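Below: start-v6.tsv (TSV, C-alpha atoms)
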```
chain	number	residue	atom	x	y	z
F	1	MET	CA	-61.66	-45.06	12.56
F	2	ARG	CA	-61.14	-43.34	9.19
F	3	THR	CA	-62.42	-40.12	10.64
F	4	ALA	CA	-59.91	-40.30	13.50
F	5	LEU	CA	-56.98	-40.97	11.12
F	6	LEU	CA	-58.04	-38.10	8.88
F	7	ALA	CA	-58.22	-35.76	11.86
F	8	LEU	CA	-54.77	-36.90	13.00
F	9	ALA	CA	-53.33	-36.27	9.53
F	10	LEU	CA	-54.72	-32.77	9.57
F	11	VAL	CA	-53.17	-32.03	12.98
F	12	LEU	CA	-49.68	-33.42	12.33
F	13	PRO	CA	-47.32	-31.08	10.41
F	14	SER	CA	-46.38	-32.10	6.90
F	15	THR	CA	-42.75	-33.25	6.55
F	16	GLY	CA	-42.72	-32.22	2.90
F	17	ALA	CA	-43.43	-28.51	3.47
F	18	TRP	CA	-40.92	-25.91	2.28
F	19	ALA	CA	-40.46	-22.16	2.16
F	20	ASP	CA	-38.31	-20.49	-0.47
F	21	ALA	CA	-36.39	-17.31	0.33
F	22	VAL	CA	-37.20	-14.31	-1.87
F	23	PRO	CA	-34.44	-11.67	-2.12
F	24	VAL	CA	-35.40	-8.32	-0.58
F	25	GLY	CA	-35.37	-5.11	-2.61
F	26	GLY	CA	-32.75	-2.47	-1.89
F	27	LYS	CA	-33.50	1.03	-0.63
F	28	ALA	CA	-32.22	2.76	-3.75
F	29	ASP	CA	-34.05	0.52	-6.25
F	30	SER	CA	-36.32	-2.43	-5.45
F	31	ARG	CA	-35.25	-4.21	-8.62
F	32	VAL	CA	-31.80	-4.67	-7.08
F	33	ARG	CA	-32.28	-7.43	-4.50
F	34	PHE	CA	-30.25	-8.68	-1.53
F	35	VAL	CA	-30.37	-12.00	0.29
F	36	GLU	CA	-28.38	-13.71	3.06
F	37	TYR	CA	-26.48	-16.85	2.09
F	38	ASN	CA	-27.68	-20.13	3.59
F	39	PRO	CA	-26.44	-23.43	2.07
F	40	ASN	CA	-29.72	-25.15	3.07
F	41	GLN	CA	-32.01	-22.56	1.49
F	42	VAL	CA	-33.77	-22.44	-1.90
F	43	TYR	CA	-34.03	-18.95	-3.37
F	44	THR	CA	-36.87	-17.84	-5.62
F	45	ILE	CA	-35.93	-15.66	-8.58
F	46	TYR	CA	-38.57	-13.90	-10.66
F	47	GLY	CA	-37.70	-13.52	-14.32
F	48	ARG	CA	-39.29	-11.52	-17.12
F	49	PHE	CA	-39.45	-12.54	-20.76
F	50	ARG	CA	-36.73	-10.80	-22.79
F	51	HIS	CA	-35.21	-9.29	-19.62
F	52	ALA	CA	-31.76	-10.32	-18.35
F	53	LEU	CA	-30.84	-10.53	-14.67
F	54	GLU	CA	-27.66	-11.18	-12.74
F	55	ILE	CA	-26.81	-13.16	-9.60
F	56	GLU	CA	-23.72	-11.90	-7.83
F	57	PHE	CA	-21.81	-13.98	-5.29
F	58	SER	CA	-18.99	-13.01	-2.92
F	59	PRO	CA	-15.94	-11.20	-4.34
F	60	GLY	CA	-13.20	-13.75	-4.90
F	61	GLU	CA	-15.73	-16.56	-5.30
F	62	THR	CA	-15.48	-18.53	-8.54
F	63	ILE	CA	-18.32	-20.45	-10.20
F	64	THR	CA	-17.26	-24.05	-10.89
F	65	GLN	CA	-20.56	-25.74	-11.88
F	66	ALA	CA	-24.01	-24.54	-12.94
F	67	ALA	CA	-26.86	-26.99	-13.64
F	68	LEU	CA	-30.00	-25.55	-15.25
F	69	GLY	CA	-33.17	-27.64	-15.34
F	70	ASP	CA	-34.58	-26.17	-18.55
F	71	THR	CA	-31.85	-25.09	-20.92
F	72	ILE	CA	-34.34	-24.35	-23.70
F	73	SER	CA	-36.51	-21.83	-21.87
F	74	TRP	CA	-33.64	-20.20	-19.96
F	75	GLU	CA	-30.20	-19.01	-21.03
F	76	ILE	CA	-27.27	-18.92	-18.56
F	77	ALA	CA	-23.80	-17.36	-18.73
F	78	PRO	CA	-21.49	-17.70	-15.67
F	79	ILE	CA	-18.53	-15.28	-15.52
F	80	GLY	CA	-16.24	-15.13	-12.48
F	81	ASN	CA	-18.50	-14.68	-9.47
F	82	ILE	CA	-21.57	-13.57	-11.48
F	83	ILE	CA	-24.24	-15.55	-13.33
F	84	PHE	CA	-26.31	-13.90	-16.05
F	85	LEU	CA	-29.79	-15.34	-16.67
F	86	LYS	CA	-32.26	-14.61	-19.47
F	87	PRO	CA	-35.63	-16.29	-20.10
F	88	ARG	CA	-36.03	-17.36	-23.72
F	89	GLU	CA	-39.71	-18.31	-23.52
F	90	SER	CA	-42.57	-16.90	-21.55
F	91	GLY	CA	-44.45	-18.82	-18.89
F	92	ARG	CA	-42.02	-21.64	-18.02
F	93	SER	CA	-40.26	-22.06	-14.67
F	94	THR	CA	-37.34	-24.29	-13.71
F	95	ASN	CA	-34.59	-24.70	-11.13
F	96	LEU	CA	-30.89	-23.86	-11.03
F	97	ILE	CA	-28.05	-25.35	-8.94
F	98	VAL	CA	-24.74	-23.52	-8.67
F	99	LEU	CA	-21.48	-24.68	-7.08
F	100	THR	CA	-18.67	-22.22	-6.37
F	101	ASN	CA	-15.19	-22.23	-4.91
F	102	TYR	CA	-14.34	-19.75	-2.18
F	103	ARG	CA	-10.88	-19.99	-0.62
F	104	GLY	CA	-10.69	-23.70	-1.33
F	105	GLN	CA	-14.17	-24.48	0.01
F	106	THR	CA	-17.25	-25.41	-2.01
F	107	ARG	CA	-20.43	-23.38	-1.66
F	108	SER	CA	-23.76	-24.56	-3.05
F	109	TYR	CA	-26.73	-22.46	-4.15
F	110	ARG	CA	-30.21	-23.62	-5.19
F	111	PHE	CA	-32.70	-21.46	-7.06
F	112	GLN	CA	-36.29	-21.70	-8.21
F	113	LEU	CA	-36.62	-19.67	-11.40
F	114	VAL	CA	-40.16	-18.39	-11.88
F	115	MET	CA	-41.51	-16.54	-14.91
F	116	ASN	CA	-43.62	-13.46	-14.15
F	117	GLY	CA	-44.34	-14.71	-10.64
F	118	GLY	CA	-43.57	-11.47	-8.82
F	119	PRO	CA	-42.00	-8.02	-9.09
F	120	PRO	CA	-39.14	-7.70	-11.61
F	121	MET	CA	-35.61	-8.51	-10.49
F	122	TYR	CA	-32.59	-7.17	-12.34
F	123	SER	CA	-29.86	-8.01	-9.85
F	124	ILE	CA	-29.56	-10.40	-6.89
F	125	LYS	CA	-26.60	-9.83	-4.57
F	126	PHE	CA	-25.71	-12.32	-1.84
F	127	ARG	CA	-24.64	-11.16	1.58
F	128	TYR	CA	-22.44	-13.10	3.99
F	129	SER	CA	-22.80	-11.73	7.52
F	130	GLY	CA	-20.03	-13.88	9.00
F	131	GLU	CA	-17.67	-13.06	6.16
F	132	GLU	CA	-18.42	-9.34	6.33
F	133	ALA	CA	-17.86	-9.35	10.10
F	134	SER	CA	-14.52	-11.09	9.58
F	135	ARG	CA	-13.52	-8.53	6.95
F	136	SER	CA	-14.48	-5.72	9.33
F	137	ARG	CA	-12.36	-7.26	12.09
F	138	ASP	CA	-9.44	-7.69	9.70
F	139	ALA	CA	-9.79	-4.09	8.51
F	140	ALA	CA	-9.88	-2.83	12.11
F	141	LEU	CA	-6.82	-4.91	13.01
F	142	TYR	CA	-4.96	-3.66	9.93
F	143	ALA	CA	-5.84	-0.07	10.84
F	144	GLN	CA	-4.45	-0.61	14.35
F	145	ILE	CA	-1.25	-2.15	12.98
F	146	GLN	CA	-0.86	0.66	10.46
F	147	ALA	CA	-1.48	3.29	13.15
F	148	GLY	CA	1.21	1.64	15.29
F	149	ARG	CA	3.64	1.63	12.37
F	150	ASP	CA	2.90	5.28	11.61
F	151	ALA	CA	3.43	6.20	15.27
F	152	GLU	CA	6.70	4.25	15.35
F	153	ALA	CA	7.85	5.92	12.14
F	154	GLY	CA	7.01	9.31	13.65
F	155	VAL	CA	9.04	8.56	16.78
F	156	VAL	CA	11.99	7.34	14.71
F	157	LYS	CA	11.87	10.41	12.45
F	158	ALA	CA	11.69	12.75	15.46
F	159	ALA	CA	14.65	10.99	17.10
F	160	LEU	CA	16.71	11.14	13.91
F	161	ASP	CA	15.86	14.78	13.29
F	162	GLN	CA	16.78	15.67	16.86
F	163	ALA	CA	20.09	13.82	16.68
F	164	VAL	CA	21.04	15.75	13.54
F	165	VAL	CA	21.05	19.11	15.36
F	166	GLU	CA	22.03	18.11	18.89
F	167	GLY	CA	25.55	18.33	20.30
F	168	LYS	CA	28.34	20.84	19.93
F	169	ARG	CA	28.59	22.23	16.41
F	170	ASN	CA	31.80	22.47	14.42
F	171	LEU	CA	31.62	25.52	12.12
F	172	ASP	CA	35.23	25.43	10.97
F	173	TYR	CA	34.69	24.80	7.26
F	174	TRP	CA	36.49	26.48	4.35
F	175	PHE	CA	35.58	26.81	0.66
F	176	ARG	CA	37.86	26.87	-2.37
F	177	GLY	CA	36.66	26.82	-5.94
F	178	ASP	CA	33.48	27.91	-7.74
F	179	SER	CA	31.50	30.12	-5.35
F	180	GLN	CA	28.24	29.39	-7.20
F	181	LEU	CA	28.28	25.89	-5.69
F	182	GLU	CA	28.72	27.13	-2.12
F	183	PRO	CA	26.12	26.10	0.46
F	184	SER	CA	25.03	28.94	2.75
F	185	GLU	CA	25.94	26.92	5.85
F	186	VAL	CA	28.10	23.91	6.72
F	187	SER	CA	28.55	22.33	10.15
F	188	ASP	CA	28.83	19.00	11.92
F	189	ASN	CA	28.30	17.61	15.40
F	190	GLY	CA	31.12	15.09	15.35
F	191	GLU	CA	28.92	12.49	13.73
F	192	PHE	CA	27.07	14.01	10.78
F	193	THR	CA	27.59	16.93	8.42
F	194	VAL	CA	24.88	19.34	7.28
F	195	MET	CA	24.95	21.66	4.28
F	196	ARG	CA	22.24	24.19	3.59
F	197	PHE	CA	21.11	25.14	0.07
F	198	PRO	CA	18.30	27.69	0.61
F	199	GLY	CA	15.65	28.87	-1.81
F	200	HIS	CA	15.45	25.63	-3.79
F	201	GLN	CA	19.07	26.04	-4.82
F	202	GLU	CA	20.18	23.16	-7.03
F	203	ILE	CA	22.23	20.62	-5.08
F	204	PRO	CA	25.48	19.64	-6.81
F	205	ALA	CA	26.99	16.17	-6.73
F	206	ILE	CA	28.81	15.64	-3.42
F	207	PHE	CA	31.92	13.48	-3.10
F	208	GLY	CA	34.04	12.54	-0.12
F	209	VAL	CA	37.82	12.69	-0.55
F	210	ASN	CA	39.63	9.68	0.88
F	211	GLN	CA	43.10	9.80	2.42
F	212	ASP	CA	44.66	8.83	-0.91
F	213	GLY	CA	42.91	11.77	-2.63
F	214	ALA	CA	40.42	9.63	-4.51
F	215	GLU	CA	36.81	10.75	-4.65
F	216	ALA	CA	33.94	8.55	-3.59
F	217	ILE	CA	30.17	9.01	-3.59
F	218	ILE	CA	28.83	9.62	-0.09
F	219	ASP	CA	25.44	8.86	1.44
F	220	TYR	CA	23.13	11.75	2.28
F	221	ASP	CA	19.46	12.66	2.45
F	222	VAL	CA	17.69	15.93	1.73
F	223	ARG	CA	15.42	17.57	4.30
F	224	GLU	CA	13.89	20.73	2.87
F	225	ASP	CA	16.84	23.17	2.47
F	226	TYR	CA	19.33	20.90	4.22
F	227	VAL	CA	21.55	18.10	2.95
F	228	VAL	CA	22.36	15.72	5.79
F	229	ILE	CA	25.59	13.86	5.04
F	230	HIS	CA	26.04	10.55	6.80
F	231	GLY	CA	29.54	11.05	8.16
F	232	ILE	CA	32.39	13.49	8.81
F	233	TYR	CA	35.00	14.22	6.12
F	234	LYS	CA	38.23	16.19	6.20
F	235	GLU	CA	37.57	17.21	2.63
F	236	MET	CA	34.59	17.06	0.28
F	237	ARG	CA	34.17	18.15	-3.30
F	238	LEU	CA	31.01	19.51	-4.88
F	239	ARG	CA	30.70	19.16	-8.63
F	240	LYS	CA	28.32	20.47	-11.27
F	241	GLY	CA	29.47	20.03	-14.83
F	242	LYS	CA	32.99	21.48	-15.00
F	243	SER	CA	32.53	23.54	-11.84
F	244	VAL	CA	34.23	22.27	-8.66
F	245	LEU	CA	34.11	23.47	-5.06
F	246	CYS	CA	36.39	22.06	-2.34
F	247	VAL	CA	34.95	22.03	1.18
F	248	THR	CA	37.62	21.56	3.88
F	249	ASN	CA	36.93	20.67	7.51
F	250	GLY	CA	39.37	22.71	9.63
F	251	ALA	CA	38.62	20.90	12.88
F	252	PRO	CA	40.86	18.08	14.15
F	253	PRO	CA	39.68	14.55	13.31
F	254	ALA	CA	36.81	13.44	15.49
F	255	LYS	CA	37.32	10.36	17.60
F	256	GLY	CA	33.67	9.39	17.29
F	257	ARG	CA	31.19	8.28	19.94
F	258	LEU	CA	31.55	5.02	21.75
F	259	ASP	CA	27.80	4.37	21.60
F	260	ARG	CA	27.70	4.28	17.80
F	261	THR	CA	24.38	2.88	16.50
F	262	GLY	CA	24.77	3.34	12.76
F	263	THR	CA	22.17	6.14	12.68
F	264	VAL	CA	22.10	9.80	13.66
F	265	SER	CA	20.42	8.88	16.93
F	266	PRO	CA	21.91	6.95	19.87
F	267	ILE	CA	18.53	5.31	20.47
F	268	ILE	CA	17.82	4.23	16.86
F	269	GLU	CA	20.01	1.33	15.79
F	270	ARG	CA	20.44	-0.28	12.40
F	271	THR	CA	22.77	-2.65	10.60
F	272	VAL	CA	24.77	-0.79	7.97
F	273	LYS	CA	25.59	-2.61	4.74
F	274	PRO	CA	29.28	-2.64	3.72
F	275	GLY	CA	30.22	0.53	1.88
F	276	LEU	CA	32.08	3.81	2.12
F	277	ARG	CA	33.34	4.81	5.56
F	278	ALA	CA	34.61	8.12	6.82
F	279	PRO	CA	38.36	8.76	7.05
F	280	ASP	CA	38.24	8.11	10.82
F	281	GLY	CA	36.77	4.65	10.15
F	282	SER	CA	33.24	5.57	11.26
F	283	ALA	CA	30.14	4.58	9.33
F	284	ILE	CA	28.87	7.15	6.87
F	285	THR	CA	25.77	8.95	8.35
F	286	PRO	CA	23.51	13.32	9.14
F	287	GLN	CA	23.47	17.79	10.73
F	288	THR	CA	24.50	22.80	10.53
F	289	GLY	CA	27.41	26.99	10.15
F	290	GLN	CA	28.74	29.19	7.48
F	291	GLY	CA	31.89	28.10	5.70
F	292	GLN	CA	34.82	30.39	5.00
F	293	ARG	CA	36.69	30.86	1.76
F	294	LEU	CA	40.38	30.06	1.83
F	295	PRO	CA	42.52	32.87	0.40
F	296	ALA	CA	45.04	30.51	-1.15
F	297	SER	CA	44.47	28.86	-4.48
F	298	PRO	CA	42.94	25.42	-4.15
F	299	PRO	CA	44.77	22.19	-4.85
F	300	GLN	CA	44.10	20.82	-8.28
F	301	PRO	CA	40.90	18.77	-7.88
F	302	GLN	CA	39.98	15.84	-10.02
F	303	SER	CA	39.03	17.17	-13.43
F	304	ALA	CA	35.45	16.83	-14.50
F	305	PRO	CA	34.71	14.89	-17.70
F	306	GLU	CA	34.23	17.05	-20.76
F	307	GLU	CA	30.67	17.42	-21.93
F	308	GLN	CA	29.94	15.79	-25.27
```
Full structure transcribed into structure tokens:
Amino acid sequence: MRTALLALALVLPSTGAWADAVPVGGKADSRVRFVEYNPNQVYTIYGRFRHALEIEFSPGETITQAALGDTISWEIAPIGNIIFLKPRESGRSTNLIVLTNYRGQTRSYRFQLVMNGGPPMYSIKFRYSGEEASRSRDAALYAQIQAGRDAEAGVVKAALDQAVVEGKRNLDYWFRGDSQLEPSEVSDNGEFTVMRFPGHQEIPAIFGVNQDGAEAIIDYDVREDYVVIHGIYKEMRLRKGKSVLCVTNGAPPAKGRLDRTGTVSPIIERTVKPGLRAPDGSAITPQTGQGQRLPASPPQPQSAPEEQ
């Protein structure tokens, strides 16, 4: 009977058996080890007397608790998502339990720390296959979204650039004042005015002249040699220090388009914040001809402030 029970005990698997996971050495240096995270796994770490090693968890993971079985033979220092270990005495092994917080969830790690039980380990880095796959998916999705935004921005820019130069051009512009401030070309398409300052010519301050003669800052953007003014003005003044140039639009006042969108393009629409409007009541907005110099003396423009 005893013989039969003994034979049965030898056949049946032991319920107390275990198998620790040993981190695998990296291709560049075997002393830098990698291991997959499993909350139900015990990891074996080989330490060397008077040699420090590190255990690195996921980025963004924070160590909340660390319980070391033998605090005399081993020294521990948790910082952020990294634990530094250093054996103080030779020949003694112990265990280590670590709890971390990752995005509000608790992760647990269990280690068997062994002295001189295997090849040296200087660094143990955990891998998280599910987490890495999720990050890859998020990165791919972000790249798709960014590509879509870039494509949309390209379409919008092309539409705006096209609208600046399309339509019948009004070249009837006259200059009076300091010729050094003159743009080489001025024109509009009934919606937006374009001035050209070639060869990196310095762009002066540009003001619109309202019906009461008062000057007001106008909206514009610079595209290489061209200044695209967001609107049409009967008169504009260019200023640089004490120098003044009057730019007069000789064409009759434009009635404006009925399909106004608030941009240079009829297919790109935006909501314009309250601000300066053109003399015809249209929203300030951008487009290109050579101006002519009036033979008569200019009206007295607003005097520039004296330099201190």
- For CA of Pro183 (chain F) and CA of Gln211 (chain F), the interatomic separation in Å (one decimal): 23.6 Å
- For CA of Asp178 (chain F) and CA of Ile206 (chain F), quote the distance in Å rounded to one decimal.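 Going from CA of Asp178 (chain F) over to CA of Ile206 (chain F), I get 13.8 Å.
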- Message: Just want the 6 Å neighbourhood of region 220-227 of chain F, counted on only C-alpha atoms, with same-chain residues fewer than 6 positions away dropped. Output as a list in words.
- Response: Val194, Met195, Arg196, Phe197 and Pro198 of chain F
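Note that the spacing between CA of Asn38 (chain F) and CA of Gln105 (chain F) amounts to 14.6 Å.
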- Message: Please list, as JSON, numbers by chain, the residues that have an atom at most 12 Å away from (-26.7, -14.6, -13.9) in the coordinates of this file, counting all atoms listed in the file.
- Response: {"F": [45, 47, 51, 52, 53, 54, 55, 56, 57, 63, 66, 68, 74, 75, 76, 77, 78, 79, 80, 81, 82, 83, 84, 85, 86, 87, 96, 97, 98, 111, 113, 121, 122, 123, 124, 125]}
- Task: Excluding Ser90 (chain F) and any residue of its chain fewer than 3 positions from it, enumerate the residues within 9 Å of it, using all atoms listed in the file, and give them as a VMD selection string.
- Result: chain F and resid 48 to 50 73 87 93 115 to 116
- Message: I need the residue nearest Val114 (chain F) from this list: F:Asp150, F:Asp188, F:Phe126, F:Glu89. Use only C-alpha atoms for the distance.
- Response: F:Glu89
- Rank nothing, just name the residue among F:Arg110, F:Ser58, F:Arg92, F:Tyr233 nearest to Phe207 (chain F), using only C-alpha atoms.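 Using only C-alpha atoms, Phe207 (chain F) sits closest to F:Tyr233.
Those residues that approach Ala251 (chain F) to within 9 Å, counting only C-alpha atoms, are Asn170, Leu171, Asp172, Tyr173 and Lys234 of chain F; same-chain residues fewer than 6 positions away are not listed.
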- Message: With distances taken over all atoms listed in the file, which residue among F:Gly148, F:Gly60, F:Leu238, F:Glu191 lies nearest Glu131 (chain F)?
- Response: F:Gly60
